[in-house]
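Participant: The structure under discussion is supplied below as structure tokens; questions concerning it will follow.
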Amino acid sequence: MQINEKQGLQKLPFQFLCGKRSIRFFNYRSTSCKKFGLKIKIWLNLGDTNQAMKRDKLIFKLLDEEQERQENGIELIASENFVSKQIMEAAGSAATNKYAEGLPGKRYYGGCEIVDEIETIAIERAKQLFNAEWANVQPHSGAQANAAVMLACLQPGDKILGFDLSHGGHLTHGSPVNFSGKLYKPFFYGVKRETGLIDYEQLKEVALREKPKLVICGASAYSRDWDYEFIRRVADEIGALVLADISHPSGLIARGLLTDPLPHCHIVTTTTHKTLRGPRGGMVLLGKDFENPFGLKTPKGETRMMSSVLDMAVFPGTQGGPLEHIIAAKAIAFGEALSDKYMKYIVQVKQNAAAMAEAFVGLGYEIISGGTDNHMMLIDLRNKNVTGKAAEIALDKAGITVNKNMVPFDDKSPFVTSGIRVGTAAVTTREMKEKQMKKIVELIDDVITHIDDEANTDKVRKHVHELTKKFPLYL
């Protein structure tokens, strides 16, 4: 039946018809469905099952609107970037049709000779990019990569030591709402209240007291470099392994602009879609392969190398078939990241972040740790009497996208927060430079200073559109 406005007043099931079966998801009372806080207008012909074979005008209309939003707005979410057209093309390619459980040359399916070549190229380019001895490019995300590492290295209930989420860490480093905090016993280190810098002495103190099996370094909202060598020394004292999650700064690390964790950390994970500017996905790396310390043997009785243990933890340990279309896009991204053009880009990312941080400080904003070494910064808004949530909403209306974020020693909930996190990877892809960073900070300050003035927000939005038109996203 065709749902019209009159029928929408009834309480009807929202369902997709699959042959003789119908799968019910949720109910609605009108043509507007409220789900996860969003109000979405629904127009569906539930009776015509042939609709699925026609172009989905509704979804493509929304995709066009999303592209328009990206092109017309200033994207400052530190974990987002804009990929090249060839990466998008690969991600939507025929490789999406291929099942390929296993590794290149060792698949559980036939017809994998071409995707074997694609995945091998991705692996070799990743190894070259990070000067790594081994890489697994199959993880669907950074969280999946971390899950595989923990499955390989830990038993349920084992102790782990990670960077506190409320200080800038990540969910998968031991948060109690995440698998890492449910399956394992987490302990944490944070930053110093006075400086906003990692408290390495606290890290050492907790490590020596609790003796975790795995020490995790890396962050989702920390703007400074890491002392991987110190962390490795601490881990060696207690016989722990070190996992460096470099998902945010991996592009900067790959091109030598930040300290390289691979010579110091046993295992390294990263996403591929932040500063690496690739498709959404994850990866696991080893600087040097080594015999696993758990006594695991091959069927021939030989000690398994750690690379083999990690491969098995990805598949069949935590995933089924790899996404070969995304792996193809990863291969392209790694090739781009090896280029001189990318090197120029990633240097500018860091310069833009430094310029943005300086501009914020000049307008009286408090940046945690006082500045940045990478592509991002965490801003405490308490001295502006504005919450992170209010700032995020107001800036979004002005066409500037940021995310609310807890700051160290925050006195507000994760749903409200006292801060915002901003990054320069995406705006640098548009070829904006230091001059534009100063202008963007001025626009942000204008919105935050007049947080309840909608007329002013509309005025700022016009300035945002004027700026983005000068730096088109896709020519």
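Chain labels follow the order of the structure tokens: the first chain is A, the next B, and so on; residue numbering restarts at 1 in every chain, and ligands are counted from 1 in their shown order.
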Using 10 Å as the limit and counting only C-alpha atoms, can you tabulate each residue of segment 245-311 of chain A that touches segment 70-92 of chain A, with its shortest atom-to-atom distance in Å and the two atoms involved, as JSON lines?

Facilitator:
```
{"residue": "A:Ser247", "atom": "CA", "partner": "A:Ser79", "partner_atom": "CA", "distance": 8.7}
{"residue": "A:His248", "atom": "CA", "partner": "A:Ser79", "partner_atom": "CA", "distance": 6.7}
{"residue": "A:Pro249", "atom": "CA", "partner": "A:Ser79", "partner_atom": "CA", "distance": 9.8}
{"residue": "A:Thr271", "atom": "CA", "partner": "A:Ser79", "partner_atom": "CA", "distance": 9.5}
{"residue": "A:His273", "atom": "CA", "partner": "A:Asn81", "partner_atom": "CA", "distance": 6.7}
{"residue": "A:Lys274", "atom": "CA", "partner": "A:Ser79", "partner_atom": "CA", "distance": 5.1}
{"residue": "A:Thr275", "atom": "CA", "partner": "A:Asn81", "partner_atom": "CA", "distance": 7.1}
{"residue": "A:Leu276", "atom": "CA", "partner": "A:Asn81", "partner_atom": "CA", "distance": 8.6}
{"residue": "A:Arg277", "atom": "CA", "partner": "A:Val83", "partner_atom": "CA", "distance": 5.6}
{"residue": "A:Gly278", "atom": "CA", "partner": "A:Val83", "partner_atom": "CA", "distance": 5.8}
{"residue": "A:Pro279", "atom": "CA", "partner": "A:Ile87", "partner_atom": "CA", "distance": 6.9}
{"residue": "A:Arg280", "atom": "CA", "partner": "A:Glu80", "partner_atom": "CA", "distance": 9.5}
```

Participant: Please produce an output containing N, CA and C atoms for each residue in the selection, written as a PDB file, in the first residue's frame.

Facilitator:
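The file below, selection.pdb, is the result:
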```pdb
ATOM      1  N   SER A 247      45.668   6.066  15.421  1.00  0.00           N
ATOM      2  CA  SER A 247      44.607   6.339  14.452  1.00  0.00           C
ATOM      3  C   SER A 247      44.537   7.798  14.021  1.00  0.00           C
ATOM      4  N   HIS A 248      44.711   8.714  14.948  1.00  0.00           N
ATOM      5  CA  HIS A 248      44.626  10.137  14.582  1.00  0.00           C
ATOM      6  C   HIS A 248      45.874  10.651  13.881  1.00  0.00           C
ATOM      7  N   PRO A 249      47.056  10.511  14.449  1.00  0.00           N
ATOM      8  CA  PRO A 249      48.228  11.146  13.824  1.00  0.00           C
ATOM      9  C   PRO A 249      48.981  10.264  12.835  1.00  0.00           C
ATOM     10  N   THR A 271      43.534   3.717  12.173  1.00  0.00           N
ATOM     11  CA  THR A 271      42.479   3.821  11.175  1.00  0.00           C
ATOM     12  C   THR A 271      43.134   4.301   9.881  1.00  0.00           C
ATOM     13  N   HIS A 273      41.265   6.554   7.769  1.00  0.00           N
ATOM     14  CA  HIS A 273      40.404   7.614   7.248  1.00  0.00           C
ATOM     15  C   HIS A 273      40.585   8.971   7.902  1.00  0.00           C
ATOM     16  N   LYS A 274      41.563   9.141   8.754  1.00  0.00           N
ATOM     17  CA  LYS A 274      41.755  10.444   9.406  1.00  0.00           C
ATOM     18  C   LYS A 274      42.865  11.193   8.675  1.00  0.00           C
ATOM     19  N   THR A 275      44.015  11.375   9.295  1.00  0.00           N
ATOM     20  CA  THR A 275      45.088  12.090   8.591  1.00  0.00           C
ATOM     21  C   THR A 275      45.647  11.288   7.425  1.00  0.00           C
ATOM     22  N   LEU A 276      45.433   9.973   7.384  1.00  0.00           N
ATOM     23  CA  LEU A 276      45.861   9.179   6.225  1.00  0.00           C
ATOM     24  C   LEU A 276      45.013   9.467   4.994  1.00  0.00           C
ATOM     25  N   ARG A 277      43.825  10.028   5.188  1.00  0.00           N
ATOM     26  CA  ARG A 277      42.950  10.473   4.099  1.00  0.00           C
ATOM     27  C   ARG A 277      42.553   9.320   3.165  1.00  0.00           C
ATOM     28  N   GLY A 278      42.207   8.190   3.772  1.00  0.00           N
ATOM     29  CA  GLY A 278      41.747   7.047   3.012  1.00  0.00           C
ATOM     30  C   GLY A 278      40.313   6.704   3.353  1.00  0.00           C
ATOM     31  N   PRO A 279      39.850   5.524   2.921  1.00  0.00           N
ATOM     32  CA  PRO A 279      38.487   5.095   3.223  1.00  0.00           C
ATOM     33  C   PRO A 279      38.355   4.724   4.685  1.00  0.00           C
ATOM     34  N   ARG A 280      37.134   4.609   5.169  1.00  0.00           N
ATOM     35  CA  ARG A 280      36.931   4.232   6.559  1.00  0.00           C
ATOM     36  C   ARG A 280      37.366   2.788   6.751  1.00  0.00           C
TER      37      ARG A 280
END
```

Participant: I'd like the neighbourhood of Gly423 of chain A as an mmCIF file with C-alpha atoms, in the first residue's frame, where a residue qualifies if any of its atoms comes within 12 Å (using only C-alpha atoms), though same-chain residues fewer than 4 positions away should be ignored.

Facilitator:
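See part-v1.cif below for the written result:
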```cif
data_model
loop_
_atom_site.group_PDB
_atom_site.id
_atom_site.type_symbol
_atom_site.label_atom_id
_atom_site.label_comp_id
_atom_site.auth_asym_id
_atom_site.auth_seq_id
_atom_site.Cartn_x
_atom_site.Cartn_y
_atom_site.Cartn_z
ATOM 1 C CA ILE A 74 33.745 24.020 7.228
ATOM 2 C CA GLU A 75 34.640 20.544 8.477
ATOM 3 C CA LEU A 76 36.689 20.641 11.685
ATOM 4 C CA ILE A 77 35.931 17.241 13.214
ATOM 5 C CA ALA A 78 39.436 15.915 13.853
ATOM 6 C CA SER A 79 38.572 12.349 12.850
ATOM 7 C CA GLU A 80 37.152 13.291 9.445
ATOM 8 C CA ASN A 81 38.707 14.037 6.085
ATOM 9 C CA SER A 220 41.368 10.510 20.289
ATOM 10 C CA ALA A 221 41.704 13.992 21.811
ATOM 11 C CA TYR A 222 45.347 14.687 22.741
ATOM 12 C CA SER A 223 47.321 17.276 20.808
ATOM 13 C CA HIS A 248 44.626 10.137 14.582
ATOM 14 C CA PRO A 249 48.228 11.146 13.824
ATOM 15 C CA LYS A 274 41.755 10.444 9.406
ATOM 16 C CA THR A 275 45.088 12.090 8.591
ATOM 17 C CA VAL A 349 47.987 20.076 8.136
ATOM 18 C CA LYS A 350 50.446 20.517 10.982
ATOM 19 C CA GLN A 351 51.179 24.156 10.125
ATOM 20 C CA ASN A 352 47.464 24.924 9.932
ATOM 21 C CA ALA A 353 46.853 23.332 13.330
ATOM 22 C CA ALA A 354 49.619 25.415 14.883
ATOM 23 C CA ALA A 355 48.174 28.586 13.313
ATOM 24 C CA MET A 356 44.676 27.718 14.490
ATOM 25 C CA ALA A 357 45.858 27.026 18.043
ATOM 26 C CA THR A 372 49.376 21.288 19.481
ATOM 27 C CA ASP A 373 52.042 19.100 17.889
ATOM 28 C CA ASN A 374 49.668 17.310 15.531
ATOM 29 C CA HIS A 375 46.464 18.071 13.567
ATOM 30 C CA MET A 376 44.065 18.745 16.440
ATOM 31 C CA MET A 377 43.389 20.609 19.640
ATOM 32 C CA LEU A 378 41.010 20.240 22.580
ATOM 33 C CA ILE A 379 39.471 23.519 23.770
ATOM 34 C CA ILE A 400 30.983 24.877 11.000
ATOM 35 C CA THR A 401 31.164 21.264 12.133
ATOM 36 C CA VAL A 402 32.959 20.390 15.374
ATOM 37 C CA ASN A 403 32.259 17.857 18.091
ATOM 38 C CA VAL A 427 40.077 21.941 5.689
ATOM 39 C CA THR A 428 43.673 21.419 4.559
ATOM 40 C CA THR A 429 42.449 18.966 1.929
ATOM 41 C CA MET A 437 42.727 29.196 9.872
ATOM 42 C CA ILE A 440 37.850 30.304 10.757
ATOM 43 C CA VAL A 441 38.772 30.935 14.397
#
```

Participant: Which one is closest to Gly181 of chain A: A:Cys217, A:Ala147, A:Val347, A:Ala207? Count only C-alpha atoms.

Facilitator: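 Selected residue with least distance to Gly181 of chain A: A:Ala147.
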
Participant: State, in Å with one decimal place, the distance from atom CA of Arg69 of chain A to atom CA of Lys459 of chain A.

Facilitator: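 Computing the Euclidean distance for atom CA of Arg69 of chain A and atom CA of Lys459 of chain A yields 17.3 Å.
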
Participant: Looking at only C-alpha atoms, which of A:Lys98, A:Lys288, A:Lys435, A:Arg382 is the one that sits closest to Leu262 of chain A?

Facilitator: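 Of all the options, A:Lys288 lies closest to Leu262 of chain A.
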
Participant: Any idea what the distance is between atom CA of Pro322 of chain A and atom CA of Asp56 of chain A?

Facilitator: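 Separation between atom CA of Pro322 of chain A and atom CA of Asp56 of chain A: 26.4 Å.
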
Participant: Among the residues of segment 200-438 of chain A, find those DSSP assigns to alpha helix (DSSP H) from the backbone and print them as a ChimeraX atom specification.

Facilitator: /A:200-210,228-238,250-254,306-312,324-337,340-362,388-397,425-429,434-438

Participant: Could the residues in this selection be written to a file with C-alpha atoms, as a PDB file, in the first residue's frame?

Facilitator:
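part37.pdb written:
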```pdb
ATOM      1  CA  TYR A 200      54.143   9.478  32.554  1.00  0.00           C
ATOM      2  CA  GLU A 201      54.999   9.021  36.218  1.00  0.00           C
ATOM      3  CA  GLN A 202      51.374   8.059  36.906  1.00  0.00           C
ATOM      4  CA  LEU A 203      51.558   5.628  33.983  1.00  0.00           C
ATOM      5  CA  LYS A 204      54.659   4.040  35.488  1.00  0.00           C
ATOM      6  CA  GLU A 205      53.219   3.953  38.992  1.00  0.00           C
ATOM      7  CA  VAL A 206      50.002   2.205  37.900  1.00  0.00           C
ATOM      8  CA  ALA A 207      51.897  -0.180  35.616  1.00  0.00           C
ATOM      9  CA  LEU A 208      54.304  -1.280  38.343  1.00  0.00           C
ATOM     10  CA  ARG A 209      51.479  -1.684  40.847  1.00  0.00           C
ATOM     11  CA  GLU A 210      48.925  -3.498  38.678  1.00  0.00           C
ATOM     12  CA  TYR A 228      56.955   5.704  23.190  1.00  0.00           C
ATOM     13  CA  GLU A 229      60.476   4.869  24.323  1.00  0.00           C
ATOM     14  CA  PHE A 230      59.600   5.601  27.965  1.00  0.00           C
ATOM     15  CA  ILE A 231      56.418   3.541  27.755  1.00  0.00           C
ATOM     16  CA  ARG A 232      58.338   0.582  26.312  1.00  0.00           C
ATOM     17  CA  ARG A 233      60.872   0.741  29.153  1.00  0.00           C
ATOM     18  CA  VAL A 234      58.051   0.615  31.703  1.00  0.00           C
ATOM     19  CA  ALA A 235      56.403  -2.281  29.891  1.00  0.00           C
ATOM     20  CA  ASP A 236      59.660  -4.217  29.777  1.00  0.00           C
ATOM     21  CA  GLU A 237      59.946  -3.917  33.561  1.00  0.00           C
ATOM     22  CA  ILE A 238      56.689  -5.831  34.024  1.00  0.00           C
ATOM     23  CA  SER A 250      49.160   8.191  11.574  1.00  0.00           C
ATOM     24  CA  GLY A 251      49.623  10.349   8.471  1.00  0.00           C
ATOM     25  CA  LEU A 252      51.956  12.663  10.363  1.00  0.00           C
ATOM     26  CA  ILE A 253      53.876   9.692  11.755  1.00  0.00           C
ATOM     27  CA  ALA A 254      54.133   7.957   8.387  1.00  0.00           C
ATOM     28  CA  MET A 306      53.327 -12.783  16.265  1.00  0.00           C
ATOM     29  CA  SER A 307      52.210 -11.837  12.756  1.00  0.00           C
ATOM     30  CA  SER A 308      50.552 -15.245  12.419  1.00  0.00           C
ATOM     31  CA  VAL A 309      48.793 -14.859  15.775  1.00  0.00           C
ATOM     32  CA  LEU A 310      47.509 -11.425  14.773  1.00  0.00           C
ATOM     33  CA  ASP A 311      46.388 -12.635  11.345  1.00  0.00           C
ATOM     34  CA  MET A 312      44.322 -15.342  13.042  1.00  0.00           C
ATOM     35  CA  GLU A 324      37.926  -6.045  -0.655  1.00  0.00           C
ATOM     36  CA  HIS A 325      36.418  -2.898  -2.175  1.00  0.00           C
ATOM     37  CA  ILE A 326      37.569  -0.951   0.884  1.00  0.00           C
ATOM     38  CA  ILE A 327      40.964  -2.676   0.786  1.00  0.00           C
ATOM     39  CA  ALA A 328      41.271  -1.533  -2.841  1.00  0.00           C
ATOM     40  CA  ALA A 329      40.518   2.012  -1.666  1.00  0.00           C
ATOM     41  CA  LYS A 330      43.085   1.603   1.132  1.00  0.00           C
ATOM     42  CA  ALA A 331      45.697   0.562  -1.433  1.00  0.00           C
ATOM     43  CA  ILE A 332      45.026   3.756  -3.392  1.00  0.00           C
ATOM     44  CA  ALA A 333      45.181   5.865  -0.218  1.00  0.00           C
ATOM     45  CA  PHE A 334      48.540   4.346   0.778  1.00  0.00           C
ATOM     46  CA  GLY A 335      49.843   5.071  -2.709  1.00  0.00           C
ATOM     47  CA  GLU A 336      48.674   8.673  -2.413  1.00  0.00           C
ATOM     48  CA  ALA A 337      50.263   8.978   1.042  1.00  0.00           C
ATOM     49  CA  ASP A 340      55.245  14.187  -2.765  1.00  0.00           C
ATOM     50  CA  LYS A 341      51.832  15.862  -3.055  1.00  0.00           C
ATOM     51  CA  TYR A 342      50.642  14.152   0.129  1.00  0.00           C
ATOM     52  CA  MET A 343      53.869  15.132   1.907  1.00  0.00           C
ATOM     53  CA  LYS A 344      53.155  18.771   1.083  1.00  0.00           C
ATOM     54  CA  TYR A 345      49.585  18.294   2.305  1.00  0.00           C
ATOM     55  CA  ILE A 346      50.451  16.689   5.657  1.00  0.00           C
ATOM     56  CA  VAL A 347      53.087  19.334   6.416  1.00  0.00           C
ATOM     57  CA  GLN A 348      50.384  21.962   5.826  1.00  0.00           C
ATOM     58  CA  VAL A 349      47.987  20.076   8.136  1.00  0.00           C
ATOM     59  CA  LYS A 350      50.446  20.517  10.982  1.00  0.00           C
ATOM     60  CA  GLN A 351      51.179  24.156  10.125  1.00  0.00           C
ATOM     61  CA  ASN A 352      47.464  24.924   9.932  1.00  0.00           C
ATOM     62  CA  ALA A 353      46.853  23.332  13.330  1.00  0.00           C
ATOM     63  CA  ALA A 354      49.619  25.415  14.883  1.00  0.00           C
ATOM     64  CA  ALA A 355      48.174  28.586  13.313  1.00  0.00           C
ATOM     65  CA  MET A 356      44.676  27.718  14.490  1.00  0.00           C
ATOM     66  CA  ALA A 357      45.858  27.026  18.043  1.00  0.00           C
ATOM     67  CA  GLU A 358      47.717  30.333  18.121  1.00  0.00           C
ATOM     68  CA  ALA A 359      44.602  32.170  16.937  1.00  0.00           C
ATOM     69  CA  PHE A 360      42.414  30.541  19.590  1.00  0.00           C
ATOM     70  CA  VAL A 361      44.888  31.400  22.356  1.00  0.00           C
ATOM     71  CA  GLY A 362      45.051  34.974  21.059  1.00  0.00           C
ATOM     72  CA  GLY A 388      30.550  21.921  24.425  1.00  0.00           C
ATOM     73  CA  LYS A 389      27.048  20.860  23.472  1.00  0.00           C
ATOM     74  CA  ALA A 390      25.823  24.424  23.045  1.00  0.00           C
ATOM     75  CA  ALA A 391      28.891  25.337  20.995  1.00  0.00           C
ATOM     76  CA  GLU A 392      28.519  22.307  18.735  1.00  0.00           C
ATOM     77  CA  ILE A 393      24.843  23.063  18.023  1.00  0.00           C
ATOM     78  CA  ALA A 394      25.389  26.766  17.386  1.00  0.00           C
ATOM     79  CA  LEU A 395      28.408  26.206  15.157  1.00  0.00           C
ATOM     80  CA  ASP A 396      26.554  23.544  13.189  1.00  0.00           C
ATOM     81  CA  LYS A 397      23.833  26.086  12.426  1.00  0.00           C
ATOM     82  CA  ALA A 425      42.964  17.591   8.219  1.00  0.00           C
ATOM     83  CA  ALA A 426      39.757  18.188   6.233  1.00  0.00           C
ATOM     84  CA  VAL A 427      40.077  21.941   5.689  1.00  0.00           C
ATOM     85  CA  THR A 428      43.673  21.419   4.559  1.00  0.00           C
ATOM     86  CA  THR A 429      42.449  18.966   1.929  1.00  0.00           C
ATOM     87  CA  GLU A 434      47.237  29.637   7.800  1.00  0.00           C
ATOM     88  CA  LYS A 435      45.373  32.783   6.702  1.00  0.00           C
ATOM     89  CA  GLN A 436      42.119  30.834   6.482  1.00  0.00           C
ATOM     90  CA  MET A 437      42.727  29.196   9.872  1.00  0.00           C
ATOM     91  CA  LYS A 438      42.764  32.633  11.493  1.00  0.00           C
TER      92      LYS A 438
END
```
